[in-house]
Number of protein chains: 2
Amino acid sequence: MMTATSPSHAPFHAVDLIRSKRDGGELSDAQIDWLIAEYTADEIADEQMSALAMAILFRGLNARELDRWTKAMINSGERLDFSGLSRPTVDKHSTGGVGDKITLPLVPLVAACGVAVPQLSGRGLGHTGGTLDKLESIPGWRAAGPGLVPADKKLYALRDVTGTVESIPLIASSIMSKKLAAGTAALVLDVKVGSGAFMKTLESARELAQTMVAVGRAEGVTTVALLTDMSVPLGLTAGNALEVEEAIEVLAGGGPSDVVELTVALAREMVAAAGRDDHDPAALLASGVAMDVWRSMIIAQGGDPDAALPTAHESDVITAERDGVLQSLDALAVGEAAWRLGAGRARKEHAVQPGAGVVLHAKPGTRVRAGQPLITLHTDAPERFSRAREALQGAYMFGEAAPQMRPLILGRIV
Amino acid sequence: MMTATSPSHAPFHAVDLIRSKRDGGELSDAQIDWLIAEYTADEIADEQMSALAMAILFRGLNARELDRWTKAMINSGERLDFSGLSRPTVDKHSTGGVGDKITLPLVPLVAACGVAVPQLSGRGLGHTGGTLDKLESIPGWRAAGPGLVPADKKLYALRDVTGTVESIPLIASSIMSKKLAAGTAALVLDVKVGSGAFMKTLESARELAQTMVAVGRAEGVTTVALLTDMSVPLGLTAGNALEVEEAIEVLAGGGPSDVVELTVALAREMVAAAGRDDHDPAALLASGVAMDVWRSMIIAQGGDPDAALPTAHESDVITAERDGVLQSLDALAVGEAAWRLGAGRARKEHAVQPGAGVVLHAKPGTRVRAGQPLITLHTDAPERFSRAREALQGAYMFGEAAPQMRPLILGRIV
């Protein structure tokens, strides 16, 4: 049937483009530019864009389409330009995980190596926390970021309620458009794999990483991705102020070994991408220079690096029921528990509790005795303890032998 | 990620149901009931329903899901009940084609056989005309139908602009919910196949027919489908008043043989489904009894069966460029030409020209001479002739041998 659903002066009809993608066709550059511009201007209806997003979820976008889609998203708003800076710029993005506070020690560490990081961080949604929420737990600190990629803001909110988040090209263009609009010269991606990550399998994580690296290269931005394990939480804390505290321990030369390992590995990639591998991130972390940069960064955004971090009013300790070696500790369950305690938000407009979260007293491979504390839950709302304990049921196991452990860094994509 | 996008008292979240179908899962009866009821009540957003429709287009609905979906659509509005009538009821539905005026002679013919037809007809959209538009070309005649299946009204309009019309379960539930809500005891379906039909291949037409027959049976309604050819137009006219004129010729015992053949075949199915095969539709058509019923039906709805039908002010004749036997005459091209002349509408809110359309002077198999009239175009807007001629370019071919002709009735599904 022939139907005319757009004004006749429009070069395309949205319904024709949806049908074309649905039937396995390719969208032209002009069609993609038109789609994103009209959608951003509210000229294409949400119900049309969500149907197209679902068709893309099934049919994909090829490399040309994805590159153009990402460009069109960037062009929906401002594009920052740091090429006038004397220092090289490198940005970092993590696809999100439980206890992933790596950005906090990483950015000052890389800055200490002489590299500028135009990091624009996100809010958390669900069981994966956002860096902005973590930093806002520091008294006085407030974000001030420009509104880049308005098309992504609209499209992400739409995908979230229409079951179209899980499309690799749409994830890649969402992440890459924001990073590229922020004007970086190089980009290091931390693509997480496992129960606590968005990508549950190594194959899907690798596909996402390869897709994003290709988009970055097509835009002339040096892009490297590490595939890293997210089957267990990173470090020993999940929750905003709790994670800031752990990040400060790392900057002070201590902290959990996995957080240190990943911070240093990503820092090495970032300084290498910026051509500043004359610096050794591990040595700079140990020397306390990164901590000095951290303090000045916090002060520059109105925070007090010496102020006490907020703590939750109530806590509840889960103890080991038996002696044994902890075999596993499911990242998703820990993330859900932290979220239920108030560390995360169910809806964008909700606030988080800065002190809420989970502290782990053991990680897989640790031998514990019956009655020993295993996990401490923190919240201002003690009625939440029972739901957090529920989330943790079946989330860990004891055995006698040492468990088989997956390495933290599972792959590297360039 | 865990997101709560509906009020917490809702039994389901729309996004969970979309994801489930997207990933190849089945929707439960309770989920389907909830979806259709909430969508009808504007509680589920259009962008969610369109994403779900696209997921259904890719994943399908199984027999149980489709049966429940259709029931839920029926339950969104009133359901008529004709079981108190002394006559058996049989309804008919055509999936639509070019020159398909069969309903016009068929309904009075079946009524003449002692069978009641609770026919609720539709408007035309695009190149396939609607029975209501045809009847409204009769001076005085106006439709008066109740608003059945409000869920379908909303969903059909949504599917039309989101590229989700072409889903066999959604087509089947749309058609069947309206027919079942209209309270018929039996149903005969005319599923058209070919360029001028919605279903282009025999396979897809058969699948749609089988799907609809299964839904009808599950609801306890005797349902039969004929698969009929729509690679050439039905009869010699396409356009509202032109088709009424041809229908009246058939009721008067004349008219094109294909229109007569299909009218009688469908009438036989309908009277058989109603258990009234004591009547012979072919004889009743020849006897003029069906014409008497037609006249009284037109009068009952305010029309004047003796009034002159509207004619277009302008006409334009396309002649044969050469001698030969007409090999083919593409139904879609003829439908497009009629549509461009003003017989159809581009948007629902548009009006049609009652006198506009196409008259064919030859059908495939006819020998013509160069210069002989082949097609006459009719419109009130002569500037439309050139676009109608364009639509007909390459739509017919001449040869020397008799063309291979496809039978009109291609299959029967019970």
# chains A, B, ... in the order shown; residues from 1 in each chain; ligands from 1
>>> residues_around(residues="A:Met270", least_positions_apart="2", cutoff="10 Å", atoms="only C-alpha atoms", output="MDAnalysis selection string")
chainID A and resid 89:92 106:107 110 113 115 117 186:189 223:224 264:268 272:277 281
>>> write_last_selection(atoms="N, CA, C and O atoms", output="short mmCIF file (atom, residue, chain, number, x, y, z; two decimals), in the first residue's frame")
data_model
loop_
_atom_site.label_atom_id
_atom_site.label_comp_id
_atom_site.auth_asym_id
_atom_site.auth_seq_id
_atom_site.Cartn_x
_atom_site.Cartn_y
_atom_site.Cartn_z
N THR A 89 45.54 14.72 24.29
CA THR A 89 44.32 14.32 25.01
C THR A 89 44.03 12.84 24.77
O THR A 89 44.20 12.33 23.66
N VAL A 90 43.63 12.17 25.85
CA VAL A 90 43.19 10.77 25.76
C VAL A 90 41.98 10.62 26.65
O VAL A 90 42.00 11.06 27.81
N ASP A 91 40.95 10.00 26.15
CA ASP A 91 39.77 9.76 26.97
C ASP A 91 39.65 8.28 27.26
O ASP A 91 40.33 7.45 26.64
N LYS A 92 38.80 7.94 28.21
CA LYS A 92 38.60 6.55 28.62
C LYS A 92 37.12 6.33 28.78
O LYS A 92 36.38 7.22 29.21
N LEU A 106 42.33 6.62 37.96
CA LEU A 106 42.95 6.61 36.63
C LEU A 106 43.18 8.01 36.08
O LEU A 106 44.25 8.32 35.54
N VAL A 107 42.16 8.87 36.19
CA VAL A 107 42.26 10.20 35.57
C VAL A 107 43.40 11.02 36.19
O VAL A 107 44.25 11.54 35.45
N VAL A 110 46.81 9.48 34.99
CA VAL A 110 47.16 9.78 33.60
C VAL A 110 47.55 11.25 33.46
O VAL A 110 48.50 11.61 32.75
N CYS A 113 50.93 11.88 34.26
CA CYS A 113 51.85 11.47 33.20
C CYS A 113 51.92 12.52 32.08
O CYS A 113 52.53 12.28 31.03
N VAL A 115 49.22 13.90 30.42
CA VAL A 115 48.18 13.70 29.40
C VAL A 115 46.88 14.34 29.90
O VAL A 115 46.51 14.14 31.06
N VAL A 117 42.83 14.63 30.07
CA VAL A 117 41.71 13.70 29.93
C VAL A 117 40.40 14.49 29.89
O VAL A 117 39.96 14.98 30.91
N ALA A 186 42.62 10.53 21.38
CA ALA A 186 42.77 9.07 21.50
C ALA A 186 41.78 8.59 22.56
O ALA A 186 41.28 9.37 23.37
N LEU A 187 41.49 7.29 22.51
CA LEU A 187 40.45 6.76 23.39
C LEU A 187 40.80 5.33 23.79
O LEU A 187 41.17 4.51 22.94
N VAL A 188 40.70 5.06 25.09
CA VAL A 188 40.91 3.71 25.59
C VAL A 188 39.58 3.22 26.18
O VAL A 188 38.98 3.90 27.01
N LEU A 189 39.14 2.06 25.71
CA LEU A 189 37.85 1.51 26.13
C LEU A 189 38.06 0.33 27.05
O LEU A 189 38.90 -0.54 26.78
N THR A 223 42.15 4.35 18.86
CA THR A 223 41.23 3.71 19.80
C THR A 223 41.72 2.31 20.13
O THR A 223 42.06 1.55 19.23
N VAL A 224 41.78 2.01 21.41
CA VAL A 224 42.22 0.71 21.90
C VAL A 224 41.18 0.23 22.90
O VAL A 224 40.62 1.04 23.66
N VAL A 264 46.45 0.61 36.49
CA VAL A 264 47.77 0.74 35.86
C VAL A 264 47.71 0.29 34.39
O VAL A 264 48.28 0.95 33.50
N ALA A 265 46.99 -0.81 34.12
CA ALA A 265 46.90 -1.31 32.74
C ALA A 265 46.24 -0.28 31.83
O ALA A 265 46.70 -0.03 30.71
N LEU A 266 45.14 0.31 32.30
CA LEU A 266 44.45 1.32 31.48
C LEU A 266 45.30 2.58 31.34
O LEU A 266 45.34 3.21 30.28
N ALA A 267 45.99 2.95 32.41
CA ALA A 267 46.86 4.14 32.35
C ALA A 267 47.97 3.92 31.31
O ALA A 267 48.29 4.83 30.53
N ARG A 268 48.53 2.70 31.29
CA ARG A 268 49.59 2.42 30.30
C ARG A 268 49.06 2.56 28.88
O ARG A 268 49.71 3.13 28.01
N ALA A 272 50.34 5.47 26.33
CA ALA A 272 50.90 4.99 25.07
C ALA A 272 50.14 5.61 23.90
O ALA A 272 50.75 6.08 22.92
N ALA A 273 48.81 5.64 23.99
CA ALA A 273 47.99 6.21 22.91
C ALA A 273 48.32 7.69 22.72
O ALA A 273 48.20 8.23 21.62
N ALA A 274 48.73 8.36 23.81
CA ALA A 274 49.06 9.79 23.73
C ALA A 274 50.52 10.01 23.37
O ALA A 274 50.98 11.15 23.29
N GLY A 275 51.27 8.93 23.20
CA GLY A 275 52.69 9.06 22.85
C GLY A 275 53.53 9.53 24.03
O GLY A 275 54.58 10.15 23.86
N ARG A 276 53.06 9.29 25.25
CA ARG A 276 53.82 9.71 26.44
C ARG A 276 54.28 8.51 27.25
O ARG A 276 54.25 8.52 28.47
N ASP A 277 54.74 7.46 26.58
CA ASP A 277 55.14 6.27 27.34
C ASP A 277 56.51 6.45 28.00
O ASP A 277 57.08 5.49 28.51
N PRO A 281 53.21 4.62 34.78
CA PRO A 281 52.09 4.85 35.69
C PRO A 281 52.24 4.13 37.03
O PRO A 281 51.89 4.71 38.07
#
>>> residues_around(residues="stretch 199-210 of chain A", least_positions_apart="6", cutoff="9 Å", atoms="only C-alpha atoms", output="PyMOL selection string")
chain A and resi 95+168-169+171-172+189-193+224-227+230-231+410-414
>>> write_last_selection(atoms="C-alpha atoms", output="PDB file, in the first residue's frame")
ATOM      1  CA  THR A  95      30.991  -0.097  29.615  1.00  0.00           C
ATOM      2  CA  ILE A 168      25.731  -3.541  19.401  1.00  0.00           C
ATOM      3  CA  PRO A 169      25.751  -0.813  16.727  1.00  0.00           C
ATOM      4  CA  ILE A 171      25.524   0.866  21.934  1.00  0.00           C
ATOM      5  CA  ALA A 172      28.693   1.595  19.971  1.00  0.00           C
ATOM      6  CA  LEU A 189      37.849   1.511  26.125  1.00  0.00           C
ATOM      7  CA  ASP A 190      37.320  -0.872  29.032  1.00  0.00           C
ATOM      8  CA  VAL A 191      34.757  -3.383  27.740  1.00  0.00           C
ATOM      9  CA  LYS A 192      33.592  -5.508  30.640  1.00  0.00           C
ATOM     10  CA  VAL A 193      32.545  -9.156  30.347  1.00  0.00           C
ATOM     11  CA  VAL A 224      42.220   0.705  21.896  1.00  0.00           C
ATOM     12  CA  ALA A 225      39.936  -1.593  23.909  1.00  0.00           C
ATOM     13  CA  LEU A 226      40.708  -3.938  26.791  1.00  0.00           C
ATOM     14  CA  LEU A 227      38.277  -6.769  27.518  1.00  0.00           C
ATOM     15  CA  MET A 230      33.263  -8.543  35.452  1.00  0.00           C
ATOM     16  CA  SER A 231      32.135 -11.927  36.817  1.00  0.00           C
ATOM     17  CA  LEU A 410      40.906 -11.047  28.943  1.00  0.00           C
ATOM     18  CA  GLY A 411      41.916  -9.452  25.684  1.00  0.00           C
ATOM     19  CA  ARG A 412      43.080  -6.360  23.854  1.00  0.00           C
ATOM     20  CA  ILE A 413      41.537  -5.025  20.632  1.00  0.00           C
ATOM     21  CA  VAL A 414      43.302  -2.492  18.424  1.00  0.00           C
TER      22      VAL A 414
END
>>> residues_around(residues="stretch 180-185 of chain A", least_positions_apart="5", cutoff="8 Å", atoms="only C-alpha atoms", output="number ranges by chain")
A: 74, 78-83, 88-91, 117-120, 148-149, 216, 221-222, 274
>>> closest_residue(among="A:Leu132, A:Ala333, A:Val325, A:Ala370", to="chain B", atoms="only C-alpha atoms")
A:Ala333
>>> residues_around(residues="stretch 349-358 of chain B", least_positions_apart="6", cutoff="8 Å", atoms="only C-alpha atoms", output="mmCIF file with all heavy atoms, in the first residue's frame")
data_model
loop_
_atom_site.group_PDB
_atom_site.id
_atom_site.type_symbol
_atom_site.label_atom_id
_atom_site.label_comp_id
_atom_site.auth_asym_id
_atom_site.auth_seq_id
_atom_site.Cartn_x
_atom_site.Cartn_y
_atom_site.Cartn_z
ATOM 1 N N ASP B 133 -16.142 3.209 0.502
ATOM 2 C CA ASP B 133 -15.964 4.295 -0.464
ATOM 3 C C ASP B 133 -16.783 4.025 -1.727
ATOM 4 O O ASP B 133 -17.337 4.939 -2.326
ATOM 5 C CB ASP B 133 -14.486 4.424 -0.848
ATOM 6 C CG ASP B 133 -13.640 4.875 0.335
ATOM 7 O OD1 ASP B 133 -14.145 5.671 1.145
ATOM 8 O OD2 ASP B 133 -12.493 4.416 0.445
ATOM 9 N N LYS B 134 -16.852 2.778 -2.110
ATOM 10 C CA LYS B 134 -17.605 2.427 -3.318
ATOM 11 C C LYS B 134 -19.091 2.695 -3.102
ATOM 12 O O LYS B 134 -19.751 3.326 -3.926
ATOM 13 C CB LYS B 134 -17.345 0.954 -3.686
ATOM 14 C CG LYS B 134 -15.898 0.745 -4.155
ATOM 15 C CD LYS B 134 -15.490 -0.711 -4.307
ATOM 16 C CE LYS B 134 -13.960 -0.748 -4.454
ATOM 17 N NZ LYS B 134 -13.394 -2.083 -4.437
ATOM 18 N N GLU B 136 -20.475 4.664 -0.977
ATOM 19 C CA GLU B 136 -20.778 6.085 -0.799
ATOM 20 C C GLU B 136 -20.819 6.848 -2.112
ATOM 21 O O GLU B 136 -21.240 8.010 -2.139
ATOM 22 C CB GLU B 136 -19.785 6.731 0.182
ATOM 23 C CG GLU B 136 -20.141 6.355 1.612
ATOM 24 C CD GLU B 136 -19.306 7.073 2.655
ATOM 25 O OE1 GLU B 136 -18.346 7.766 2.289
ATOM 26 O OE2 GLU B 136 -19.641 6.938 3.848
ATOM 27 N N SER B 137 -20.405 6.208 -3.213
ATOM 28 C CA SER B 137 -20.560 6.875 -4.510
ATOM 29 C C SER B 137 -22.018 6.815 -4.982
ATOM 30 O O SER B 137 -22.398 7.501 -5.924
ATOM 31 C CB SER B 137 -19.612 6.260 -5.547
ATOM 32 O OG SER B 137 -20.053 4.975 -5.947
ATOM 33 N N THR B 237 -12.980 -2.556 -14.230
ATOM 34 C CA THR B 237 -13.004 -1.213 -13.648
ATOM 35 C C THR B 237 -12.262 -1.177 -12.323
ATOM 36 O O THR B 237 -12.254 -2.155 -11.569
ATOM 37 C CB THR B 237 -14.452 -0.746 -13.370
ATOM 38 O OG1 THR B 237 -15.076 -1.724 -12.509
ATOM 39 C CG2 THR B 237 -15.264 -0.621 -14.638
ATOM 40 N N ALA B 238 -11.641 -0.016 -12.051
ATOM 41 C CA ALA B 238 -11.051 0.267 -10.743
ATOM 42 C C ALA B 238 -11.377 1.716 -10.431
ATOM 43 O O ALA B 238 -11.001 2.617 -11.180
ATOM 44 C CB ALA B 238 -9.546 0.028 -10.756
ATOM 45 N N GLY B 239 -12.102 1.939 -9.337
ATOM 46 C CA GLY B 239 -12.602 3.283 -9.010
ATOM 47 C C GLY B 239 -14.006 3.126 -8.478
ATOM 48 O O GLY B 239 -14.737 2.225 -8.902
ATOM 49 N N ASN B 240 -14.417 4.032 -7.591
ATOM 50 C CA ASN B 240 -15.607 3.776 -6.784
ATOM 51 C C ASN B 240 -16.898 3.628 -7.581
ATOM 52 O O ASN B 240 -17.469 2.549 -7.649
ATOM 53 C CB ASN B 240 -15.712 4.853 -5.703
ATOM 54 C CG ASN B 240 -14.472 4.809 -4.815
ATOM 55 O OD1 ASN B 240 -14.230 3.810 -4.158
ATOM 56 N ND2 ASN B 240 -13.675 5.861 -4.836
ATOM 57 N N ALA B 241 -17.368 4.709 -8.229
ATOM 58 C CA ALA B 241 -18.635 4.613 -8.960
ATOM 59 C C ALA B 241 -18.502 3.651 -10.144
ATOM 60 O O ALA B 241 -19.452 2.936 -10.486
ATOM 61 C CB ALA B 241 -19.076 5.996 -9.443
ATOM 62 N N LEU B 242 -17.319 3.613 -10.771
ATOM 63 C CA LEU B 242 -17.108 2.699 -11.902
ATOM 64 C C LEU B 242 -17.289 1.253 -11.460
ATOM 65 O O LEU B 242 -17.855 0.426 -12.190
ATOM 66 C CB LEU B 242 -15.690 2.888 -12.470
ATOM 67 C CG LEU B 242 -15.422 4.237 -13.149
ATOM 68 C CD1 LEU B 242 -13.922 4.421 -13.407
ATOM 69 C CD2 LEU B 242 -16.215 4.363 -14.454
ATOM 70 N N LEU B 309 -25.142 7.437 -11.250
ATOM 71 C CA LEU B 309 -23.886 7.425 -10.489
ATOM 72 C C LEU B 309 -23.021 8.595 -10.932
ATOM 73 O O LEU B 309 -23.096 9.027 -12.090
ATOM 74 C CB LEU B 309 -23.158 6.099 -10.735
ATOM 75 C CG LEU B 309 -23.842 4.894 -10.093
ATOM 76 C CD1 LEU B 309 -23.278 3.591 -10.662
ATOM 77 C CD2 LEU B 309 -23.693 4.935 -8.573
ATOM 78 N N PRO B 310 -22.201 9.104 -10.024
ATOM 79 C CA PRO B 310 -21.323 10.221 -10.411
ATOM 80 C C PRO B 310 -20.305 9.781 -11.460
ATOM 81 O O PRO B 310 -19.840 8.644 -11.440
ATOM 82 C CB PRO B 310 -20.623 10.601 -9.107
ATOM 83 C CG PRO B 310 -20.840 9.466 -8.168
ATOM 84 C CD PRO B 310 -22.049 8.710 -8.623
ATOM 85 N N THR B 311 -20.012 10.688 -12.369
ATOM 86 C CA THR B 311 -18.956 10.405 -13.360
ATOM 87 C C THR B 311 -17.923 11.518 -13.276
ATOM 88 O O THR B 311 -18.237 12.639 -12.870
ATOM 89 C CB THR B 311 -19.528 10.364 -14.794
ATOM 90 O OG1 THR B 311 -20.296 11.555 -15.003
ATOM 91 C CG2 THR B 311 -20.417 9.152 -14.999
ATOM 92 N N ALA B 312 -16.703 11.180 -13.648
ATOM 93 C CA ALA B 312 -15.635 12.183 -13.647
ATOM 94 C C ALA B 312 -15.821 13.127 -14.819
ATOM 95 O O ALA B 312 -16.435 12.766 -15.824
ATOM 96 C CB ALA B 312 -14.278 11.487 -13.734
ATOM 97 N N VAL B 334 -2.302 -0.744 -12.358
ATOM 98 C CA VAL B 334 -3.669 -0.248 -12.582
ATOM 99 C C VAL B 334 -4.209 0.384 -11.288
ATOM 100 O O VAL B 334 -4.827 1.456 -11.303
ATOM 101 C CB VAL B 334 -4.588 -1.384 -13.077
ATOM 102 C CG1 VAL B 334 -6.047 -0.916 -13.134
ATOM 103 C CG2 VAL B 334 -4.125 -1.883 -14.449
ATOM 104 N N ALA B 337 -2.589 3.712 -10.826
ATOM 105 C CA ALA B 337 -3.147 4.699 -11.755
ATOM 106 C C ALA B 337 -4.487 5.211 -11.230
ATOM 107 O O ALA B 337 -4.739 6.420 -11.200
ATOM 108 C CB ALA B 337 -3.294 4.085 -13.144
ATOM 109 N N ALA B 338 -5.352 4.306 -10.788
ATOM 110 C CA ALA B 338 -6.668 4.698 -10.261
ATOM 111 C C ALA B 338 -6.493 5.602 -9.037
ATOM 112 O O ALA B 338 -7.178 6.620 -8.875
ATOM 113 C CB ALA B 338 -7.485 3.454 -9.894
ATOM 114 N N TRP B 339 -5.521 5.225 -8.201
ATOM 115 C CA TRP B 339 -5.236 5.986 -6.993
ATOM 116 C C TRP B 339 -4.768 7.395 -7.349
ATOM 117 O O TRP B 339 -5.243 8.392 -6.808
ATOM 118 C CB TRP B 339 -4.170 5.217 -6.212
ATOM 119 C CG TRP B 339 -3.725 5.818 -4.930
ATOM 120 C CD1 TRP B 339 -4.424 5.867 -3.760
ATOM 121 C CD2 TRP B 339 -2.453 6.419 -4.669
ATOM 122 N NE1 TRP B 339 -3.666 6.465 -2.787
ATOM 123 C CE2 TRP B 339 -2.443 6.812 -3.319
ATOM 124 C CE3 TRP B 339 -1.307 6.650 -5.437
ATOM 125 C CZ2 TRP B 339 -1.348 7.434 -2.722
ATOM 126 C CZ3 TRP B 339 -0.216 7.278 -4.849
ATOM 127 C CH2 TRP B 339 -0.249 7.658 -3.511
ATOM 128 N N LEU B 341 -5.418 9.015 -9.987
ATOM 129 C CA LEU B 341 -6.506 9.765 -10.632
ATOM 130 C C LEU B 341 -7.484 10.321 -9.604
ATOM 131 O O LEU B 341 -8.321 11.165 -9.937
ATOM 132 C CB LEU B 341 -7.243 8.862 -11.627
ATOM 133 C CG LEU B 341 -6.424 8.498 -12.875
ATOM 134 C CD1 LEU B 341 -7.078 7.341 -13.620
ATOM 135 C CD2 LEU B 341 -6.267 9.714 -13.797
ATOM 136 N N GLY B 342 -7.401 9.850 -8.335
ATOM 137 C CA GLY B 342 -8.272 10.379 -7.283
ATOM 138 C C GLY B 342 -9.224 9.353 -6.699
ATOM 139 O O GLY B 342 -10.045 9.686 -5.842
ATOM 140 N N ALA B 343 -9.131 8.089 -7.138
ATOM 141 C CA ALA B 343 -10.051 7.062 -6.633
ATOM 142 C C ALA B 343 -9.695 6.627 -5.215
ATOM 143 O O ALA B 343 -10.545 6.125 -4.485
ATOM 144 C CB ALA B 343 -10.041 5.844 -7.557
ATOM 145 N N ILE B 375 -7.159 1.430 -22.432
ATOM 146 C CA ILE B 375 -7.493 1.851 -21.063
ATOM 147 C C ILE B 375 -8.028 3.277 -21.144
ATOM 148 O O ILE B 375 -7.442 4.122 -21.815
ATOM 149 C CB ILE B 375 -6.236 1.849 -20.163
ATOM 150 C CG1 ILE B 375 -5.595 0.454 -20.104
ATOM 151 C CG2 ILE B 375 -6.568 2.356 -18.753
ATOM 152 C CD1 ILE B 375 -4.253 0.410 -19.379
ATOM 153 N N THR B 376 -9.145 3.554 -20.439
ATOM 154 C CA THR B 376 -9.586 4.939 -20.317
ATOM 155 C C THR B 376 -9.409 5.393 -18.878
ATOM 156 O O THR B 376 -9.794 4.684 -17.938
ATOM 157 C CB THR B 376 -11.066 5.102 -20.743
ATOM 158 O OG1 THR B 376 -11.202 4.609 -22.079
ATOM 159 C CG2 THR B 376 -11.506 6.552 -20.684
ATOM 160 N N LEU B 377 -8.804 6.561 -18.739
ATOM 161 C CA LEU B 377 -8.574 7.160 -17.422
ATOM 162 C C LEU B 377 -9.661 8.195 -17.158
ATOM 163 O O LEU B 377 -10.013 8.968 -18.050
ATOM 164 C CB LEU B 377 -7.202 7.852 -17.401
ATOM 165 C CG LEU B 377 -6.009 7.029 -17.923
ATOM 166 C CD1 LEU B 377 -4.729 7.878 -17.894
ATOM 167 C CD2 LEU B 377 -5.843 5.760 -17.105
ATOM 168 N N HIS B 378 -10.185 8.218 -15.923
ATOM 169 C CA HIS B 378 -11.235 9.175 -15.561
ATOM 170 C C HIS B 378 -10.827 9.955 -14.314
ATOM 171 O O HIS B 378 -10.390 9.355 -13.332
ATOM 172 C CB HIS B 378 -12.545 8.440 -15.258
ATOM 173 C CG HIS B 378 -13.116 7.701 -16.424
ATOM 174 N ND1 HIS B 378 -13.983 8.276 -17.326
ATOM 175 C CD2 HIS B 378 -12.928 6.426 -16.867
ATOM 176 C CE1 HIS B 378 -14.321 7.393 -18.252
ATOM 177 N NE2 HIS B 378 -13.691 6.257 -18.004
ATOM 178 N N THR B 379 -11.006 11.267 -14.366
ATOM 179 C CA THR B 379 -10.725 12.088 -13.177
ATOM 180 C C THR B 379 -11.404 13.439 -13.324
ATOM 181 O O THR B 379 -11.734 13.864 -14.444
ATOM 182 C CB THR B 379 -9.204 12.289 -12.979
ATOM 183 O OG1 THR B 379 -8.964 12.998 -11.755
ATOM 184 C CG2 THR B 379 -8.589 13.095 -14.124
ATOM 185 N N ASP B 380 -11.575 14.128 -12.200
ATOM 186 C CA ASP B 380 -12.031 15.521 -12.245
ATOM 187 C C ASP B 380 -10.843 16.467 -12.356
ATOM 188 O O ASP B 380 -11.033 17.671 -12.529
ATOM 189 C CB ASP B 380 -12.799 15.860 -10.951
ATOM 190 C CG ASP B 380 -14.107 15.092 -10.872
ATOM 191 O OD1 ASP B 380 -14.657 14.734 -11.933
ATOM 192 O OD2 ASP B 380 -14.581 14.852 -9.741
#
>>> closest_residue(among="A:Ala252, A:Ala111, A:Met397, A:Ala151", to="A:Ser174", atoms="only C-alpha atoms")
A:Ala151
>>> residues_around(residues="B:Met49", least_positions_apart="2", cutoff="9 Å", atoms="only C-alpha atoms", output="count of residues only")
17
>>> residues_around(residues="B:Leu170", least_positions_apart="4", cutoff="9 Å", atoms="only C-alpha atoms", output="NGL selection string")
:B and (53 or 56-57 or 60-61 or 66 or 69-70 or 164-166 or 174-175)
>>> atom_distance(atom1="atom CA of A:Ala346", atom2="atom CA of A:Arg387")
14.5 Å
>>> residues_around(residues="B:Asp306", least_positions_apart="5", cutoff="12 Å", atoms="only C-alpha atoms", output="list in words")
Ile138, Pro139, Gly140, Glu245, Ile248, Trp294, Arg295, Ser296, Ile298 and Ile299 of chain B
>>> closest_residue(among="B:Leu104, B:Ala308, B:Val260, B:Ala331", to="B:Leu285", atoms="only C-alpha atoms")
B:Val260
